[in-house]
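Q: Mind having a look at this structure? Questions to follow.
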Amino acid sequence: MLEFSKELFNDISVLYVEDDQMTLDEIEFFLKRYVKNLYIAKNGQEGLELFKKYKPNIIITDIQMPIMNGLVMAEKVFEIDPSIPIVVTTAFSESDYIIKAIELGIDKYILKPLNMQELLAIIHKSLYLEKLQKENSNYEDYIHFILDSNPTFMFVMHSNEIEYVNKKLLNLLGLDNIESLKEQLKNNNSLVEFGEDINMSNWLEYISANSHKRHLVKLKNTKNNKFFQREFYISYRYFKNMDKSVFIFIDKNEEKLEQINNVTLKLIKNLEVGISNEFLMDELKKILDISTRS
């Protein structure tokens with residue numbers, strides 16, 4: 001069994017709900033040596049009131065108790081805070097209650113009689129997972145902020161479901177939110193027109209299956225149901241370990257400007273040292289679609 005240091009728990013608060021006095025005294029004596037704050041209740045009603053008052057980090061509760069049982073209390077707690085970790089202490093004879101607990105979304109149990117190290121382990125695991133979830137949520141908000149601020153048009157799919165689309169692409173398509181984009185795709189409304197002559201039934205599947213190709217497309221404005229004259233190159237990549245697909249639309253004109261800028265910088269650098277570079281001039285003409293007259 002793992003041994004836990006007190007430093008792991010010295011900043012958390014625990015609500016422990018138990019009506020059996022002997023068990024209560026034993027657990028109270030043990031947990032007080034570890035946690036910052038320990039709140040004790042002898043039934044679900046008391047537990048609910050203490051939760052409202054102190055907002056502990058985690059709740060550990062018995063099931064069968066007078067006045068209000070542990071599952072009724074858990075249901076009322078979840079109405080206030082659906083993310084609070086709740087650990088149920090249970091006996092083998094309480095299988096019917098466990099089914100109800102699962103329906104409520106409780107997935108953390110510890111069998112009676114309680115093993116103290118197991119109790120610490122489940123507290124640590126519950127709070128660690130909660131911390132990870134919050135960190136992941138904050139990180140996703142951070143990433144979405146960056147992507148929404150980016151001038152690139154893009155969206156991300158998780159498996160076959162659109163997970164994120166940046167505001168710039170939504171605005172271009174004339175859509176209000178991600179749900180409106182999903183609805184467009186659900187109705188098989190093609191938002192993309194290919195410059196090449198291809199035979200396909202689903203443009204997302206076509207891009208995924210032909211990721212080695214570079215596709216030039218036009219995008220549709222859903223407000224007037226017409227395609228823009230400006231063209232975009234679709235850049236696609238699939239990340240297998242996350243089962244995520246990223247679609248990026250690069251404005252053809254912006255890419256051309258980038259190419260012009262790169263060639264111009266090379267020309268200027270060569271001219272500064274007295275080098276005339278016909279090759280770079282020819283490259284610049286190609287980018288600008290300028291033909292040399294005879």
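Each chain in the structure tokens gets a letter, A, B and so on, in the order shown; residues start at 1 in every chain, and ligands are counted from 1 in the order they appear.
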Would you pick out the contacts of stretch 239-243 of chain A at 10 Å or less, using only C-alpha atoms, so that residues sharing its chain but fewer than 2 positions from it are not included, and give the list as a list of chain:residue names?
A: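 In the requested format, the answer is A:Met157, A:His158, A:Ser159, A:Asn160, A:Arg237, A:Ser245, A:Val246.
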Q: Excluding A:Thr90 and its own-chain neighbours fewer than 3 positions away, which residues fall within 7 Å of it when counting only C-alpha atoms? Please give them as a PDB file with N, CA and C atoms, in the first residue's frame.
A:
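Here's the written file around-v3.pdb:
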```pdb
ATOM      1  N   ASP A  62     -21.308   8.233   3.881  1.00  0.00           N
ATOM      2  CA  ASP A  62     -22.009   6.956   4.014  1.00  0.00           C
ATOM      3  C   ASP A  62     -23.303   7.055   3.210  1.00  0.00           C
ATOM      4  N   ILE A  63     -23.942   5.908   2.962  1.00  0.00           N
ATOM      5  CA  ILE A  63     -25.200   5.924   2.213  1.00  0.00           C
ATOM      6  C   ILE A  63     -26.406   5.933   3.152  1.00  0.00           C
ATOM      7  N   GLU A  94     -25.030  -3.237  -0.141  1.00  0.00           N
ATOM      8  CA  GLU A  94     -25.710  -2.038  -0.609  1.00  0.00           C
ATOM      9  C   GLU A  94     -25.623  -1.874  -2.125  1.00  0.00           C
ATOM     10  N   TYR A 109     -15.781   4.843  -4.906  1.00  0.00           N
ATOM     11  CA  TYR A 109     -16.312   4.090  -3.773  1.00  0.00           C
ATOM     12  C   TYR A 109     -15.176   3.535  -2.935  1.00  0.00           C
ATOM     13  N   ILE A 110     -15.469   3.326  -1.683  1.00  0.00           N
ATOM     14  CA  ILE A 110     -14.520   2.632  -0.820  1.00  0.00           C
ATOM     15  C   ILE A 110     -15.315   1.727   0.116  1.00  0.00           C
ATOM     16  N   LEU A 111     -14.872   0.480   0.215  1.00  0.00           N
ATOM     17  CA  LEU A 111     -15.622  -0.516   0.986  1.00  0.00           C
ATOM     18  C   LEU A 111     -15.369  -0.383   2.487  1.00  0.00           C
ATOM     19  N   LYS A 112     -16.401  -0.663   3.250  1.00  0.00           N
ATOM     20  CA  LYS A 112     -16.271  -0.747   4.709  1.00  0.00           C
ATOM     21  C   LYS A 112     -15.849  -2.157   5.085  1.00  0.00           C
TER      22      LYS A 112
END
```
Q: Using only C-alpha atoms, can you tell me which of A:Leu216, A:Phe228, A:Ala74, A:Tyr34 comes closest to A:Leu119?
A: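 Ranked by minimum distance to A:Leu119, first place goes to A:Tyr34.
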Q: Any idea what's packed within 9 Å of stretch 175-181 of chain A, counting only C-alpha atoms, ignoring anything in its chain fewer than 2 positions away? Could you give it as a compact mmCIF listing (two decimals) with C-alpha atoms, in the first residue's frame?
A:
```txt
# COMPACT_ATOMS: atom_id res chain seq x y z
CA ILE A 162 -16.33 19.36 -35.26
CA GLU A 163 -14.78 20.35 -31.94
CA TYR A 164 -13.63 23.91 -32.60
CA VAL A 165 -13.85 26.54 -35.30
CA ASN A 166 -12.17 29.92 -34.99
CA LYS A 167 -14.19 33.13 -35.14
CA LEU A 169 -13.78 31.38 -40.31
CA LEU A 170 -17.28 31.64 -38.79
CA ASN A 171 -17.43 35.31 -39.74
CA LEU A 172 -16.25 34.58 -43.28
CA LEU A 173 -18.90 31.90 -43.76
CA GLU A 183 -25.99 22.09 -39.01
CA GLN A 184 -24.70 23.16 -42.43
CA LEU A 185 -22.60 20.00 -42.70
CA LYS A 186 -25.38 17.80 -41.32
CA ASN A 221 -21.06 32.85 -47.81
CA THR A 222 -24.14 31.27 -46.20
CA LYS A 223 -25.88 34.66 -45.96
```
Q: What separation in Å, quoted to one decimal, exists between atom CA of A:Thr152 and atom CA of A:Ile248?
A: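 That distance, rounded to one decimal, is 7.1 Å.
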Q: Could you pull out all residues of stretch 19-127 of chain A with a DSSP call of alpha helix (DSSP H) and give them as a ChimeraX atom specification?
A: /A:21-31,44-54,70-80,95-104,116-127
Q: Which of these residues is nearest to A:Glu7, using only C-alpha atoms: A:His212, A:Lys52, A:His124, A:Lys220?
A: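 For A:Glu7, the nearest of the candidates is A:His124.
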Q: Taking only C-alpha atoms into account, which of A:Leu38, A:Ile86, A:Met65, A:Leu204 comes nearest A:Ile122?
A: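 Comparing A:Leu38, A:Ile86, A:Met65, A:Leu204 against A:Ile122, the winner is A:Ile86.
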Q: Neighbouring residues of A:Leu50 were defined as those with any atom within 10 Å, considering only C-alpha atoms; residues of the same chain fewer than 5 positions away were excluded. Please report them as a ChimeraX atom specification.
A: /A:15-17,39-41,44-45,55-56
Q: Let me make sure I understand: among A:Leu8, A:Ile234, A:Ile80, A:Ile102, which one has the smallest atom-to-atom distance to A:Lys53 if we use only C-alpha atoms?
A: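 Result for the nearest residue to A:Lys53: A:Ile80.
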Q: Using only C-alpha atoms, which of the listed residues (A:Ile60, A:Leu127, A:Ile207, A:Ala121) sits closest to A:Ile27?
A: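 Closest to A:Ile27, using only C-alpha atoms: A:Ile60.
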Q: Rounded to one decimal in Å, what is the spacing between atom CA of A:Pro66 and atom CA of A:Gly47?
A: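 So the two atoms, atom CA of A:Pro66 and atom CA of A:Gly47, lie 11.8 Å apart.
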Q: Nearest residue to A:Arg230 out of A:Asn210, A:Asn253, A:Asn202, A:Gln64, using only C-alpha atoms?
A: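 That would be A:Asn253, the residue with the smallest distance to A:Arg230.
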